[in-house]
Amino acid sequence: MSYVDEIYERVVAQNPNEAEFHQAVKEVLDSLKLVIDANEEKYRKAGLLERFVEPERVVSFRVPWVDDNGNVQVNKGYRVQFNSAIGPYKGGLRLHPSVNQSILKFLGFEQTLKNSLTGLPIGGGKGGSNFDPKGKSDREVMAFCQSFMTELYRHIGADTDCPAGDIGVGAREVGFLYGQYKRITGRYEGVLTGKGLTFGGSLARTEATGYGLIYILDEMLKHHNQQIEGKTVLVSGSGNVAIYAVQKLQQLGAKVVAMCDSNGYIYDKEGIKLDVIRDIKEVRRARISEYVKAVPTAVYTEGKGIWSIPCDIALPCATQNELNLEDAKMLKANGCIAVAEGANMPSTREATDYFVENNILFMPGKAANAGGVATSALEQSQNSMRMSWTFEEVDAKLKDIMVNIYAKAADAAQRYGVPGNYVAGANIAGFEKVAEAMIGQGIV
Ligand code: NDP
Ligand code: 2IT
């Protein structure tokens with residue numbers, strides 16, 4: 001049996017009931033086969049893959065807090081410190097009822113390769129809780145965040161592990177988490193990113209994941225004699241990533257006709273009015289169905305189905321496995337030419353394979369959404385230097401990083417004989433740096 005197959009079997013056997021983690025590992029190992037086969041003896045001797053698929057540490061803890069009715073609530077909290085070969089652990093915190101160890105391990109594993117692709121010195125981590133921020137008061141969210149940090153603080157630090165936002169964690173939550181970290185430790189340091197601009201946050205971090213997604217999409221399209229201007233686009237989700245992807249698309253002359261949340265999707269054939277979405281989501285924290293009250297010509301449909309709308313470009317920016325094979329086929333049949341993943345692993349394995357095999361330009365999440373974590377690393381740099389760059393400076397660095405990620409993925413795909421396969425390219429390019437760093441540091 002090949003080394004890669006052996007490792008995949010081992011992961012399944014040793015991590016039962018972790019379907020998302022198995023899925024992420026399988027996709028990566030499958031595309032690394034050529035690299036691993038070419039270096040099998042060296043990698044086996046170093047136990048490289050056994051170590052690569054095993055998180056360095058998984059911390060799991062109790063998070064007790066008191067709700068507005070005076071009742072005690074208890075959630076599960078986690079931090080997965082996956083790989084620190086190329087830098088301190090870095091990755092977001094997710095607050096969503098679906099959060100479990102499998103999801104956080106898949107995210108930490110992906111993060112390791114994503115962070116490597118940025119070219120910056122950041123290792124891979126992820127954390128979060130099954131706490132559901134929806135419908136909670138600000139006081140309840142603060143009580144949860146303070147309790148969560150009261151345990152987490154002992155595992156993180158500016159030079160050891162630096163969390164940030166993800167689903168359900170935005171400026172409000174990062175602020176509460178940071179305040180509690182500072183109160184407990186007495187340290188004012190870049191231990192979290194995505195902070196408010198008055199206490200160490202970086203300009204352009206809020207926009208970075210969405211903007212970065214469009215910068216790499218633009219780069220991919222240009223290399224295939226296409227452009228963003230004039231294209232009709234679907235963007236799933238209506239959170240941080242989706243909103244700023246839409247903003248940049250509109251600046252570049254594309255027409256975004258649909259967005260969604262976990263309840264349903266809106267179709268606005270005139271083009272989404274982003275100020276309406278921002279008011280619903282960023283100010284009122286309400287449901288996307290509200291959109292049709294402000295824009296009566298738009299249509300709201302309950303449930304899934306956004307991928308059935310004809311488009312040129314589709315950008316899944318909500319959550320894992322939100323786009324399946326049937327959706328992929330529908331997109332192709334309706335004339336879609338490009339897909340770039342703003343979310344982490346939003347396409348199922350079958351959908352991903354379908355895109356790659358059917359000549360749809362496809363940029364996988366670990367390359368396409370790396371602009372967020374890259375700008376987080378720029379926030380860490382600014383904090384360490386005790387200074388701050390202008391929006392234009394950060395945005396220019398972000399654009400450079402995304403163009404470089406495109407080049408790395410394209411180059412690795414070319415070198416291994418699969419030109420244009422950015423799934424293989426991103427996995428290989430991300431892995432090469434991590435593997436070399438792990439081997440260089442010995443058996444740790
Ligand atoms: P937000 O919490 O800001 O927004 C998430 C959006 O996705 C909401 O519209 C939410 O709808 C929707 N969503 C979440 N879960 C589901 C679901 N099960 N079914 C349908 N829709 C769902 O999160 P972000 O925008 O920050 O994150 C979106 C994705 O991007 C995630 O995969 C995240 O890991 C990834 N990502 C985020 C980065 C960042 O910097 N924030 C960086 C790189 C990747 P609802 O409100 O109804 O729950
Ligand atoms: O998935 C991701 O890359 C993020 N949620 C951002 C992580 C970060 O540290 O900014």
# chains A, B, ... in the order shown; residues from 1 in each chain; ligands from 1

call {"tool": "residues_around", "arguments": {"residues": "stretch 203-219 of chain A", "least_positions_apart": "2", "cutoff": "6 Å", "atoms": "only C-alpha atoms", "output": "JSON list (two decimals) with C-alpha atoms, in the first residue's frame"}}
result
[["chain", "number", "residue", "atom", "x", "y", "z"],
["A", 221, "LEU", "CA", -9.36, 35.12, -14.71],
["A", 222, "LYS", "CA", -6.65, 37.32, -16.27],
["A", 241, "VAL", "CA", -16.40, 37.27, 3.87],
["A", 244, "TYR", "CA", -16.60, 42.47, 1.39],
["A", 245, "ALA", "CA", -16.33, 40.11, -1.58],
["A", 248, "LYS", "CA", -14.94, 44.57, -4.23],
["A", 368, "ALA", "CA", -8.71, 31.86, -2.23],
["A", 369, "ASN", "CA", -9.57, 32.94, 1.32],
["A", 371, "GLY", "CA", -6.19, 37.09, 2.49],
["A", 372, "GLY", "CA", -7.89, 37.18, 5.89],
["A", 375, "THR", "CA", -3.81, 40.46, 6.90],
["A", 391, "PHE", "CA", -5.43, 51.29, 4.55],
["A", 402, "MET", "CA", -2.85, 37.08, -3.27]]

call {"tool": "residues_around", "arguments": {"residues": "stretch 156-168 of chain A", "least_positions_apart": "5", "cutoff": "7 Å", "atoms": "only C-alpha atoms", "output": "list in words"}}
result
Pro88, Tyr89, Lys90, Gly91, Gly92, Leu93, Arg94, Leu95, His96, Pro133, Val174, Glu189, Gly190, Val191, Leu192, Thr193 and Gly194 of chain A

call {"tool": "residues_around", "arguments": {"residues": "A:Val233", "least_positions_apart": "4", "cutoff": "10 Å", "atoms": "only C-alpha atoms", "output": "list in words"}}
result
Ile228, Val246, Leu249, Gln250, Ala254, Lys255, Val256, Val257, Ala258, Met259, Gly271, Ile309, Pro310, Cys311, Asp312, Ile313, Ala314, Leu315, Cys336, Ala338 and Val339 of chain A

call {"tool": "write_last_selection", "arguments": {"atoms": "N, CA and C atoms", "output": "PDB file, in the first residue's frame"}}
result
ATOM      1  N   ILE A 228     -13.318  40.354 -14.534  1.00  0.00           N
ATOM      2  CA  ILE A 228     -14.453  40.428 -13.610  1.00  0.00           C
ATOM      3  C   ILE A 228     -15.551  41.360 -14.146  1.00  0.00           C
ATOM      4  N   VAL A 246     -18.517  41.024  -2.100  1.00  0.00           N
ATOM      5  CA  VAL A 246     -19.489  41.738  -2.936  1.00  0.00           C
ATOM      6  C   VAL A 246     -19.044  43.181  -3.152  1.00  0.00           C
ATOM      7  N   LEU A 249     -16.296  43.186  -5.718  1.00  0.00           N
ATOM      8  CA  LEU A 249     -16.836  42.809  -7.035  1.00  0.00           C
ATOM      9  C   LEU A 249     -17.541  43.996  -7.678  1.00  0.00           C
ATOM     10  N   GLN A 250     -18.340  44.684  -6.864  1.00  0.00           N
ATOM     11  CA  GLN A 250     -19.088  45.821  -7.409  1.00  0.00           C
ATOM     12  C   GLN A 250     -18.145  46.938  -7.821  1.00  0.00           C
ATOM     13  N   ALA A 254     -18.640  44.077 -11.539  1.00  0.00           N
ATOM     14  CA  ALA A 254     -19.438  42.856 -11.671  1.00  0.00           C
ATOM     15  C   ALA A 254     -20.841  43.109 -11.118  1.00  0.00           C
ATOM     16  N   LYS A 255     -21.776  42.238 -11.463  1.00  0.00           N
ATOM     17  CA  LYS A 255     -23.135  42.358 -10.945  1.00  0.00           C
ATOM     18  C   LYS A 255     -23.417  41.130 -10.072  1.00  0.00           C
ATOM     19  N   VAL A 256     -23.625  41.369  -8.782  1.00  0.00           N
ATOM     20  CA  VAL A 256     -23.923  40.256  -7.861  1.00  0.00           C
ATOM     21  C   VAL A 256     -25.438  40.153  -7.758  1.00  0.00           C
ATOM     22  N   VAL A 257     -25.998  39.015  -8.125  1.00  0.00           N
ATOM     23  CA  VAL A 257     -27.462  38.916  -8.163  1.00  0.00           C
ATOM     24  C   VAL A 257     -28.064  38.107  -7.017  1.00  0.00           C
ATOM     25  N   ALA A 258     -27.229  37.406  -6.231  1.00  0.00           N
ATOM     26  CA  ALA A 258     -27.815  36.613  -5.140  1.00  0.00           C
ATOM     27  C   ALA A 258     -26.862  36.469  -3.965  1.00  0.00           C
ATOM     28  N   MET A 259     -27.445  36.429  -2.768  1.00  0.00           N
ATOM     29  CA  MET A 259     -26.722  36.135  -1.521  1.00  0.00           C
ATOM     30  C   MET A 259     -27.668  35.296  -0.650  1.00  0.00           C
ATOM     31  N   GLY A 271     -29.170  43.618  -9.305  1.00  0.00           N
ATOM     32  CA  GLY A 271     -27.877  43.706  -8.599  1.00  0.00           C
ATOM     33  C   GLY A 271     -28.132  44.021  -7.129  1.00  0.00           C
ATOM     34  N   ILE A 309     -29.291  29.472  -9.695  1.00  0.00           N
ATOM     35  CA  ILE A 309     -29.450  30.727 -10.436  1.00  0.00           C
ATOM     36  C   ILE A 309     -28.343  30.825 -11.493  1.00  0.00           C
ATOM     37  N   PRO A 310     -28.683  31.138 -12.743  1.00  0.00           N
ATOM     38  CA  PRO A 310     -27.644  31.259 -13.771  1.00  0.00           C
ATOM     39  C   PRO A 310     -26.629  32.352 -13.441  1.00  0.00           C
ATOM     40  N   CYS A 311     -25.342  32.043 -13.658  1.00  0.00           N
ATOM     41  CA  CYS A 311     -24.282  33.020 -13.350  1.00  0.00           C
ATOM     42  C   CYS A 311     -23.038  32.712 -14.170  1.00  0.00           C
ATOM     43  N   ASP A 312     -22.100  33.668 -14.172  1.00  0.00           N
ATOM     44  CA  ASP A 312     -20.787  33.434 -14.787  1.00  0.00           C
ATOM     45  C   ASP A 312     -19.799  32.936 -13.740  1.00  0.00           C
ATOM     46  N   ILE A 313     -19.969  33.427 -12.507  1.00  0.00           N
ATOM     47  CA  ILE A 313     -19.003  33.130 -11.441  1.00  0.00           C
ATOM     48  C   ILE A 313     -19.766  32.810 -10.148  1.00  0.00           C
ATOM     49  N   ALA A 314     -19.318  31.787  -9.422  1.00  0.00           N
ATOM     50  CA  ALA A 314     -19.960  31.424  -8.150  1.00  0.00           C
ATOM     51  C   ALA A 314     -18.926  31.457  -7.031  1.00  0.00           C
ATOM     52  N   LEU A 315     -19.252  32.140  -5.944  1.00  0.00           N
ATOM     53  CA  LEU A 315     -18.321  32.268  -4.821  1.00  0.00           C
ATOM     54  C   LEU A 315     -18.984  31.776  -3.527  1.00  0.00           C
ATOM     55  N   CYS A 336     -21.672  28.736 -15.873  1.00  0.00           N
ATOM     56  CA  CYS A 336     -20.662  29.259 -14.936  1.00  0.00           C
ATOM     57  C   CYS A 336     -19.251  28.881 -15.416  1.00  0.00           C
ATOM     58  N   ALA A 338     -16.283  30.074 -13.565  1.00  0.00           N
ATOM     59  CA  ALA A 338     -15.276  30.107 -12.488  1.00  0.00           C
ATOM     60  C   ALA A 338     -15.917  30.015 -11.109  1.00  0.00           C
ATOM     61  N   VAL A 339     -15.217  29.314 -10.215  1.00  0.00           N
ATOM     62  CA  VAL A 339     -15.646  29.187  -8.814  1.00  0.00           C
ATOM     63  C   VAL A 339     -14.427  29.457  -7.936  1.00  0.00           C
TER      64      VAL A 339
END

call {"tool": "residues_around", "arguments": {"residues": "A:Gly108", "least_positions_apart": "5", "cutoff": "6 Å", "atoms": "only C-alpha atoms", "output": "CSV table (one decimal) with N, CA, C and O atoms, in the first residue's frame"}}
result
chain,number,residue,atom,x,y,z
A,82,PHE,N,-2.6,23.0,15.6
A,82,PHE,CA,-2.3,21.9,14.6
A,82,PHE,C,-0.8,21.7,14.3
A,82,PHE,O,-0.3,20.6,14.3
A,124,GLY,N,-0.5,26.7,11.9
A,124,GLY,CA,-2.0,26.5,11.8
A,124,GLY,C,-2.7,26.1,13.1
A,124,GLY,O,-2.2,25.3,13.8
A,125,GLY,N,-3.8,26.8,13.3
A,125,GLY,CA,-4.6,26.5,14.5
A,125,GLY,C,-6.0,26.9,14.3
A,125,GLY,O,-6.3,27.6,13.3
A,126,LYS,N,-6.9,26.4,15.1
A,126,LYS,CA,-8.3,26.8,15.0
A,126,LYS,C,-9.0,26.5,16.3
A,126,LYS,O,-8.6,25.6,17.1

call {"tool": "closest_residue", "arguments": {"among": "A:Val12, A:Leu152, A:Leu120, A:Val356", "to": "ligand 2", "atoms": "only C-alpha atoms and all ligand atoms"}}
result
A:Leu120

call {"tool": "residues_near_ligand", "arguments": {"ligand": "ligand 1", "cutoff": "7 Å", "atoms": "only C-alpha atoms and all ligand atoms", "output": "ChimeraX atom specification"}}
result
/A:165-170,209,237-242,260-263,287,317-320,322,342-344,346,369-370,372-373

call {"tool": "closest_residue", "arguments": {"among": "A:Gly230, A:Gly253, A:Pro296, A:Gly430", "to": "A:Ser116", "atoms": "only C-alpha atoms"}}
result
A:Gly430

call {"tool": "residues_around", "arguments": {"residues": "stretch 414-417 of chain A", "least_positions_apart": "4", "cutoff": "8 Å", "atoms": "only C-alpha atoms", "output": "JSON, numbers by chain"}}
result
{"A": [34, 410, 425]}

call {"tool": "closest_residue", "arguments": {"among": "A:Ala377, A:Leu252, A:Val423, A:Val283", "to": "A:Arg349", "atoms": "only C-alpha atoms"}}
result
A:Val423

call {"tool": "closest_residue", "arguments": {"among": "A:Ile288, A:Val444, A:Ile103, A:Ala328", "to": "ligand 2", "atoms": "only C-alpha atoms and all ligand atoms"}}
result
A:Ile103

call {"tool": "select_by_dssp", "arguments": {"residues": "stretch 168-300 of chain A", "states": "alpha helix (DSSP H)", "output": "VMD selection string"}}
result
chain A and resid 171 to 185 205 to 223 240 to 251 274 to 278 291 to 294

call {"tool": "residues_around", "arguments": {"residues": "stretch 128-130 of chain A", "least_positions_apart": "2", "cutoff": "7 Å", "atoms": "only C-alpha atoms", "output": "ChimeraX atom specification"}}
result
/A:75-79,93-100,132

call {"tool": "residues_around", "arguments": {"residues": "stretch 44-56 of chain A", "least_positions_apart": "6", "cutoff": "8 Å", "atoms": "only C-alpha atoms", "output": "ChimeraX atom specification"}}
result
/A:3-4,7,11,25,80-84,105,109,435,438-439,442-443

call {"tool": "atom_distance", "arguments": {"atom1": "atom CA of A:Ala286", "atom2": "atom CA of A:Phe131"}}
result
18.2 Å

call {"tool": "atom_distance", "arguments": {"atom1": "atom CA of A:Asp68", "atom2": "atom CA of A:Glu140"}}
result
6.7 Å

call {"tool": "atom_distance", "arguments": {"atom1": "atom CA of A:Ala19", "atom2": "atom CA of A:Gly127"}}
result
17.5 Å
